[in-house]
Amino acid sequence: MGDARRKLAVVLFNLGGPDGPDDVRPFLRNLFRDPAIIRAPGLIREALALLISTTRAKEARANYAKMGGGSPLLPETRKQAEALKAELQKAFPDHEIGVWPAMRYWHPLTEDVADEVSAWAPDECVLLPLYPQFSTTTTASSLKRWREAGGPETRTVCCYPTEPAFVDAHAALIRKTWEKAGRPDNVRLLFSAHGLPKKVIEDGDPYQWQVEQTVGAVMRQLPEFPDWQVCYQSRVGPLEWIGPSTEEAIEGAAKDGRNILLSPIAFVSEHIETLVELDEEYGDLAREHGVTSYVRVPALGLDAVFIESLATLVKSALAGAPGPRCDTGGRICPAEWCGCPCRNGEPVTA
Ligand SMILES: C=CC1=C(C)c2cc3[nH]c(cc4nc(cc5[nH]c(cc1n2)c(C)c5CCC(=O)O)C(CCC(=O)O)=C4C)c(C)c3C=C
Ligand SMILES: [Fe+2]
Ligand SMILES: [Fe+2]
């Protein structure tokens with residue numbers, strides 16, 4: 001007797017992180033071998049990846065040790081996958097639903113998940129990055145790997161920087177965190193996003209523009225915070241990165257005598273960049289510069305409105321035409337940002 005239930009697969013793209021100390025170096029090597037991250041020719045890139053992963057491993061291992069030796073990214077993503085599955089099951093009670101995390105640089109690797117999902121033989125397979133803002137270094141890299149591995153793909157969400165529930169979730173969490181901290185006064189709200197080399201943006205990556213779209217939409221709901229700034233963290237390597245850096249923004253707020261409320265606007269779960277960089281390193285920096293109140297807003301994680309937002313993206317993708325789509329379906333990236341697949345082969349007219 002065949003099972004007539006339709007099968008819906010949802011694949012959550014994410015970066016991945018080491019499970020323990022021994023994984024740190026090979027994880028970093030995988031990351032720096034990616035031509036989307038280091039845009040040098042093959043052999044030079046391989047040599048650089050070996051060199052950087054070896055030299056960076058000690059410090060990175062020490063940082064992962066502060067979180068128990070490995071990254072919490074996979075357990076966090078698994079919980080989000082479970083929550084999304086439960087939400088989708090309400091919308092599609094007759095479907096058999098599977099939600100898979102697929103990591104770019106550590107297990108479960110994108111290419112292995114592609115094989116697993118292929119073997120499951122879904123009727124629909126929705127690719128959904130856990131990067132709300134599209135970048136060639138993140139979403140495009142995962143998509144490329146998925147497609148090279150022959151993974152199934154019927155619908156693809158490329159980005160959702162201004163999806164209404166996503167924006168609502170951020171605004172509500174910022175307000176709630178500020179209230180829970182005892183409503184510190186004289187606050188500068190910093191939106192810290194992972195940075196990128198300037199050259200990547202100049203070559204057409206829409207990430208910075210999309211981060212600014214998210215912040216603009218969130219700020220329309222938060223008129224009680226008139227003092228705010230976008231900044232970029234986690235710089236790596238010798239290239240010039242987009243700015244201002246989060247360190248500069250913290251120092252600037254301190255100089256202006258402000259307290260700091262910091263929202264990680266481009267991350268949707270807790271990991272090394274939030275728990276170590278934002279909470280420990282930048283927390284220390286703020287205190288060293290005399291900031292009285294430094295409060296970090298949590299990543300969205302399992303926030304119910306955020307999970308609803310992910311479910312809405314999947315439902316809209318299934319209801320619309322096949323192919324890559326931005327946000328709730330419209331083409332939102334302007335022409336000069338040719339790096340986003342939502343433009344779907346449209347000619348680029350700057
Ligand atoms: C918005 C998301 C991200 C962008 C854009 C991004 C670009 C980018 N990252 C590096 C180098 C590193 N990133 C590392 C960790 C890391 N990066 C992201 C997200 C984005 N990266 C996440 C979610 C994580 C956390 C993973 C975890 O283990 O918990 C690391 C490893 C940590 C470290 O050594 O600092 C590196 C290295 C580059 C070079 C880059 C763009 C060119
Ligand atoms: Fe990164
Ligand atoms: Fe787009």
# chains A, B, ... in the order shown; residues from 1 in each chain; ligands from 1
$ residues_near_ligand --ligand "ligand 2" --cutoff "8 Å" --atoms "only C-alpha atoms and all ligand atoms" --output "list of chain:residue names"
A:Leu15, A:His194, A:Ser234
$ write_last_selection --atoms "C-alpha atoms" --output "PDB file, in the first residue's frame"
ATOM      1  CA  LEU A  15      27.275  28.199   8.158  1.00  0.00           C
ATOM      2  CA  HIS A 194      28.589  40.500  10.411  1.00  0.00           C
ATOM      3  CA  SER A 234      33.889  40.083  13.037  1.00  0.00           C
TER       4      SER A 234
END
$ select_by_dssp --residues "segment 126-302 of chain A" --states "strand (DSSP E)" --output "number ranges by chain"
A: 126-129, 155-159, 187-194, 228-233, 259-264, 294-296
$ write_last_selection --atoms "N, CA and C atoms" --output "compact mmCIF listing (two decimals), in the first residue's frame"
# COMPACT_ATOMS: atom_id res chain seq x y z
N VAL A 126 11.86 23.12 -0.44
CA VAL A 126 12.04 24.57 -0.29
C VAL A 126 13.39 24.84 0.36
N LEU A 127 14.22 25.61 -0.31
CA LEU A 127 15.52 26.00 0.26
C LEU A 127 15.35 27.33 0.98
N LEU A 128 15.69 27.34 2.27
CA LEU A 128 15.45 28.52 3.10
C LEU A 128 16.71 28.86 3.90
N PRO A 129 17.45 29.89 3.49
CA PRO A 129 18.66 30.24 4.24
C PRO A 129 18.33 30.82 5.61
N ARG A 155 11.58 25.29 -4.81
CA ARG A 155 11.40 26.71 -4.46
C ARG A 155 12.61 27.15 -3.64
N THR A 156 13.00 28.40 -3.83
CA THR A 156 14.15 28.93 -3.09
C THR A 156 13.84 30.32 -2.58
N VAL A 157 13.99 30.50 -1.28
CA VAL A 157 13.86 31.85 -0.71
C VAL A 157 15.27 32.42 -0.67
N CYS A 158 15.51 33.50 -1.39
CA CYS A 158 16.90 33.99 -1.38
C CYS A 158 17.15 34.88 -0.17
N CYS A 159 16.14 35.63 0.28
CA CYS A 159 16.36 36.57 1.37
C CYS A 159 15.03 37.11 1.87
N VAL A 187 20.07 55.87 25.82
CA VAL A 187 20.57 54.68 25.11
C VAL A 187 20.85 54.96 23.64
N ARG A 188 21.96 54.42 23.15
CA ARG A 188 22.17 54.35 21.69
C ARG A 188 21.94 52.90 21.28
N LEU A 189 21.02 52.71 20.34
CA LEU A 189 20.70 51.36 19.86
C LEU A 189 21.66 51.04 18.71
N LEU A 190 22.53 50.05 18.92
CA LEU A 190 23.47 49.65 17.87
C LEU A 190 22.96 48.39 17.20
N PHE A 191 22.90 48.40 15.88
CA PHE A 191 22.56 47.20 15.12
C PHE A 191 23.87 46.66 14.58
N SER A 192 24.32 45.54 15.12
CA SER A 192 25.59 44.98 14.69
C SER A 192 25.35 43.79 13.75
N ALA A 193 25.91 43.90 12.56
CA ALA A 193 25.80 42.80 11.58
C ALA A 193 27.19 42.28 11.27
N HIS A 194 27.29 41.03 10.85
CA HIS A 194 28.59 40.50 10.41
C HIS A 194 29.05 41.36 9.24
N TRP A 228 20.40 55.82 17.06
CA TRP A 228 20.73 54.46 16.65
C TRP A 228 21.78 54.49 15.55
N GLN A 229 22.43 53.35 15.33
CA GLN A 229 23.50 53.27 14.34
C GLN A 229 23.67 51.82 13.87
N VAL A 230 24.00 51.65 12.60
CA VAL A 230 24.33 50.31 12.07
C VAL A 230 25.85 50.16 12.10
N CYS A 231 26.35 48.99 12.50
CA CYS A 231 27.79 48.77 12.51
C CYS A 231 28.09 47.30 12.16
N TYR A 232 29.34 47.02 11.87
CA TYR A 232 29.72 45.71 11.32
C TYR A 232 30.85 45.08 12.14
N GLN A 233 30.66 43.81 12.50
CA GLN A 233 31.59 43.11 13.39
C GLN A 233 32.36 42.00 12.68
N ASN A 259 24.57 55.00 26.93
CA ASN A 259 24.47 53.58 27.22
C ASN A 259 24.24 52.84 25.91
N ILE A 260 24.47 51.51 25.92
CA ILE A 260 24.37 50.76 24.66
C ILE A 260 23.35 49.63 24.79
N LEU A 261 22.48 49.58 23.78
CA LEU A 261 21.58 48.43 23.60
C LEU A 261 21.95 47.90 22.22
N LEU A 262 22.42 46.63 22.15
CA LEU A 262 22.98 46.14 20.89
C LEU A 262 22.17 44.97 20.34
N SER A 263 21.71 45.10 19.11
CA SER A 263 20.92 44.03 18.48
C SER A 263 21.74 43.36 17.37
N PRO A 264 21.88 42.01 17.42
CA PRO A 264 22.59 41.31 16.34
C PRO A 264 21.62 41.10 15.18
N TYR A 294 25.63 48.13 29.13
CA TYR A 294 25.82 47.50 27.82
C TYR A 294 24.90 46.29 27.80
N VAL A 295 23.83 46.36 27.04
CA VAL A 295 22.84 45.28 27.04
C VAL A 295 22.74 44.71 25.63
N ARG A 296 22.90 43.39 25.52
CA ARG A 296 22.82 42.74 24.21
C ARG A 296 21.46 42.08 24.04
$ residues_near_ligand --ligand "ligand 1" --cutoff "7 Å" --atoms "only C-alpha atoms and all ligand atoms" --output "mmCIF file with C-alpha atoms, in the first residue's frame"
data_model
loop_
_atom_site.group_PDB
_atom_site.id
_atom_site.type_symbol
_atom_site.label_atom_id
_atom_site.label_comp_id
_atom_site.auth_asym_id
_atom_site.auth_seq_id
_atom_site.Cartn_x
_atom_site.Cartn_y
_atom_site.Cartn_z
ATOM 1 C CA LEU A 15 27.275 28.199 8.158
ATOM 2 C CA GLY A 16 28.069 25.397 10.607
ATOM 3 C CA GLY A 17 30.597 25.321 13.402
ATOM 4 C CA PRO A 18 33.008 22.871 15.032
ATOM 5 C CA LEU A 28 38.301 26.894 9.382
ATOM 6 C CA LEU A 31 35.624 28.051 5.333
ATOM 7 C CA ILE A 37 35.167 33.721 0.957
ATOM 8 C CA ILE A 38 38.663 33.931 -0.547
ATOM 9 C CA ARG A 56 43.949 31.099 13.405
ATOM 10 C CA ALA A 60 39.619 30.248 17.629
ATOM 11 C CA SER A 71 29.751 25.801 18.474
ATOM 12 C CA PRO A 72 26.124 25.794 19.666
ATOM 13 C CA LEU A 73 25.040 26.627 16.109
ATOM 14 C CA TYR A 131 20.606 34.326 6.608
ATOM 15 C CA SER A 135 25.246 37.596 0.502
ATOM 16 C CA THR A 137 29.547 34.731 0.826
ATOM 17 C CA THR A 138 26.721 32.932 2.630
ATOM 18 C CA ALA A 193 25.795 42.797 11.576
ATOM 19 C CA HIS A 194 28.589 40.500 10.411
ATOM 20 C CA GLY A 195 30.843 42.583 8.154
ATOM 21 C CA LEU A 196 32.195 41.886 4.683
ATOM 22 C CA PRO A 197 35.207 43.041 2.685
ATOM 23 C CA SER A 234 33.889 40.083 13.037
ATOM 24 C CA VAL A 236 38.940 38.825 9.393
ATOM 25 C CA ALA A 266 21.984 39.620 10.784
ATOM 26 C CA PHE A 267 22.207 36.559 13.068
ATOM 27 C CA HIS A 271 26.998 31.237 18.357
ATOM 28 C CA ILE A 272 30.617 32.349 18.692
ATOM 29 C CA GLU A 273 29.982 35.759 17.124
#
$ residues_near_ligand --ligand "ligand 3" --cutoff "10 Å" --atoms "only C-alpha atoms and all ligand atoms" --output "NGL selection string"
:A and (133-135 or 157-161 or 205-207 or 210 or 324-327 or 329-335 or 337-344)
$ write_last_selection --atoms "N, CA and C atoms" --output "tab-separated table (two decimals), in the first residue's frame"
chain	number	residue	atom	x	y	z
A	133	GLN	N	19.53	38.29	5.26
A	133	GLN	CA	20.05	39.19	4.23
A	133	GLN	C	20.98	38.40	3.31
A	134	PHE	N	20.73	38.52	2.02
A	134	PHE	CA	21.49	37.73	1.05
A	134	PHE	C	22.93	38.21	0.94
A	135	SER	N	23.87	37.26	0.88
A	135	SER	CA	25.25	37.60	0.50
A	135	SER	C	25.80	36.49	-0.38
A	157	VAL	N	13.99	30.50	-1.28
A	157	VAL	CA	13.86	31.85	-0.71
A	157	VAL	C	15.27	32.42	-0.67
A	158	CYS	N	15.51	33.50	-1.39
A	158	CYS	CA	16.90	33.99	-1.38
A	158	CYS	C	17.15	34.88	-0.17
A	159	CYS	N	16.14	35.63	0.28
A	159	CYS	CA	16.36	36.57	1.37
A	159	CYS	C	15.03	37.11	1.87
A	160	TYR	N	15.04	37.64	3.09
A	160	TYR	CA	13.79	38.17	3.66
A	160	TYR	C	14.07	39.31	4.62
A	161	PRO	N	14.84	40.30	4.16
A	161	PRO	CA	15.27	41.36	5.07
A	161	PRO	C	14.14	42.21	5.63
A	205	ASP	N	27.39	42.72	-4.22
A	205	ASP	CA	26.72	41.95	-3.17
A	205	ASP	C	25.68	42.85	-2.47
A	206	PRO	N	24.41	42.40	-2.36
A	206	PRO	CA	23.37	43.28	-1.79
A	206	PRO	C	23.28	43.25	-0.27
A	207	TYR	N	24.20	42.54	0.39
A	207	TYR	CA	24.07	42.30	1.84
A	207	TYR	C	23.95	43.58	2.66
A	210	GLN	N	20.70	45.26	2.16
A	210	GLN	CA	19.60	44.53	2.80
A	210	GLN	C	19.64	44.69	4.32
A	324	PRO	N	13.81	31.22	-7.59
A	324	PRO	CA	14.26	32.01	-6.44
A	324	PRO	C	13.36	33.22	-6.21
A	325	ARG	N	13.15	33.55	-4.97
A	325	ARG	CA	12.31	34.70	-4.65
A	325	ARG	C	12.86	35.41	-3.42
A	326	CYS	N	12.64	36.72	-3.40
A	326	CYS	CA	13.04	37.53	-2.26
A	326	CYS	C	11.84	37.74	-1.37
A	327	ASP	N	12.05	37.75	-0.06
A	327	ASP	CA	11.05	38.21	0.88
A	327	ASP	C	9.71	37.51	0.64
A	329	GLY	N	8.00	37.56	-2.09
A	329	GLY	CA	7.74	37.29	-3.49
A	329	GLY	C	8.15	38.39	-4.44
A	330	GLY	N	8.12	39.64	-3.99
A	330	GLY	CA	8.47	40.74	-4.90
A	330	GLY	C	9.96	40.77	-5.17
A	331	ARG	N	10.34	41.46	-6.21
A	331	ARG	CA	11.76	41.65	-6.47
A	331	ARG	C	12.21	42.88	-5.71
A	332	ILE	N	12.95	42.69	-4.63
A	332	ILE	CA	13.25	43.85	-3.80
A	332	ILE	C	14.66	44.38	-3.96
A	333	CYS	N	15.55	43.61	-4.56
A	333	CYS	CA	16.91	44.13	-4.67
A	333	CYS	C	17.02	45.06	-5.86
A	334	PRO	N	17.53	46.26	-5.66
A	334	PRO	CA	17.65	47.19	-6.78
A	334	PRO	C	18.69	46.72	-7.79
A	335	ALA	N	18.62	47.27	-8.99
A	335	ALA	CA	19.41	46.76	-10.10
A	335	ALA	C	20.91	46.75	-9.85
A	337	TRP	N	22.48	45.89	-7.41
A	337	TRP	CA	22.94	44.75	-6.65
A	337	TRP	C	22.71	43.47	-7.46
A	338	CYS	N	23.58	43.26	-8.43
A	338	CYS	CA	23.38	42.15	-9.35
A	338	CYS	C	23.68	40.82	-8.68
A	339	GLY	N	24.25	40.83	-7.47
A	339	GLY	CA	24.63	39.58	-6.82
A	339	GLY	C	23.48	38.77	-6.27
A	340	CYS	N	22.26	39.27	-6.31
A	340	CYS	CA	21.15	38.54	-5.68
A	340	CYS	C	20.35	37.74	-6.70
A	341	PRO	N	20.07	36.44	-6.43
A	341	PRO	CA	19.36	35.63	-7.41
A	341	PRO	C	17.90	36.03	-7.58
A	342	CYS	N	17.38	36.91	-6.71
A	342	CYS	CA	15.98	37.33	-6.90
A	342	CYS	C	15.84	38.06	-8.21
A	343	ARG	N	16.95	38.53	-8.78
A	343	ARG	CA	16.86	39.23	-10.06
A	343	ARG	C	16.74	38.23	-11.21
A	344	ASN	N	17.06	36.95	-10.88
A	344	ASN	CA	16.70	35.87	-11.78
A	344	ASN	C	17.08	36.10	-13.24
$ select_by_dssp --residues "segment 183-331 of chain A" --states "alpha helix (DSSP H)" --output "MDAnalysis selection string"
chainID A and resid 198:202 207:219 246:255 272 282:288 304:319
$ write_last_selection --atoms "C-alpha atoms" --output "tab-separated table (two decimals), in the first residue's frame"
chain	number	residue	atom	x	y	z
A	198	LYS	CA	34.41	46.34	0.88
A	199	LYS	CA	35.37	44.76	-2.44
A	200	VAL	CA	32.59	42.16	-2.10
A	201	ILE	CA	29.99	44.95	-1.80
A	202	GLU	CA	31.55	46.94	-4.66
A	207	TYR	CA	24.07	42.30	1.84
A	208	GLN	CA	24.83	45.75	3.25
A	209	TRP	CA	21.85	47.28	1.45
A	210	GLN	CA	19.60	44.53	2.80
A	211	VAL	CA	20.93	44.96	6.36
A	212	GLU	CA	20.05	48.66	6.06
A	213	GLN	CA	16.56	47.72	4.80
A	214	THR	CA	16.02	45.50	7.85
A	215	VAL	CA	17.21	48.21	10.22
A	216	GLY	CA	15.05	50.85	8.48
A	217	ALA	CA	11.96	48.65	8.82
A	218	VAL	CA	12.69	47.81	12.48
A	219	MET	CA	13.33	51.46	13.35
A	246	THR	CA	31.19	47.58	15.98
A	247	GLU	CA	34.27	48.45	18.07
A	248	GLU	CA	34.28	51.99	16.61
A	249	ALA	CA	30.56	52.31	17.24
A	250	ILE	CA	30.97	51.20	20.89
A	251	GLU	CA	33.83	53.64	21.40
A	252	GLY	CA	31.78	56.39	19.75
A	253	ALA	CA	28.80	55.73	22.02
A	254	ALA	CA	31.12	55.79	25.06
A	255	LYS	CA	32.64	59.09	23.94
A	272	ILE	CA	30.62	32.35	18.69
A	282	TYR	CA	32.70	43.96	23.09
A	283	GLY	CA	31.14	43.89	26.57
A	284	ASP	CA	34.66	44.32	28.02
A	285	LEU	CA	35.42	47.04	25.46
A	286	ALA	CA	32.29	48.98	26.41
A	287	ARG	CA	33.08	48.75	30.14
A	288	GLU	CA	36.73	49.74	29.57
A	304	ALA	CA	7.47	32.38	18.07
A	305	VAL	CA	6.96	35.33	15.71
A	306	PHE	CA	10.26	34.58	13.98
A	307	ILE	CA	9.33	30.91	13.52
A	308	GLU	CA	5.98	32.09	12.11
A	309	SER	CA	7.92	34.32	9.73
A	310	LEU	CA	9.94	31.32	8.49
A	311	ALA	CA	6.72	29.31	8.06
A	312	THR	CA	5.16	32.19	6.11
A	313	LEU	CA	8.17	32.31	3.81
A	314	VAL	CA	7.80	28.59	3.09
A	315	LYS	CA	4.03	28.89	2.53
A	316	SER	CA	4.42	31.89	0.19
A	317	ALA	CA	7.19	30.14	-1.72
A	318	LEU	CA	4.94	27.10	-2.21
A	319	ALA	CA	2.00	29.26	-3.27
$ closest_residue --among "A:Arg147, A:Met67, A:Asp115, A:Glu277" --to "Asp19 of chain A" --atoms "only C-alpha atoms"
A:Met67
$ atom_distance --atom1 "atom CA of Arg220 of chain A" --atom2 "atom CA of Lys176 of chain A"
16.4 Å
$ residues_around --residues "segment 93-104 of chain A" --least-positions-apart "4" --cutoff "8 Å" --atoms "only C-alpha atoms" --output "list of chain:residue names"
A:Arg5, A:Arg6, A:Lys7, A:Leu8, A:Ala9, A:Val10, A:Val11, A:Leu12, A:Phe13, A:Asn14, A:Leu15, A:Gly16, A:Leu74, A:Thr77, A:Arg78, A:Ala81, A:Glu82, A:Leu84, A:Lys85, A:Leu88, A:Gln89, A:Pro108, A:Leu109, A:Thr110, A:Val113, A:Ser141, A:Ser142, A:Arg145
$ atom_distance --atom1 "atom CA of Gly301 of chain A" --atom2 "atom CA of Asn63 of chain A"
21.2 Å
$ atom_distance --atom1 "atom CA of Thr139 of chain A" --atom2 "atom CA of Ala36 of chain A"
10.1 Å
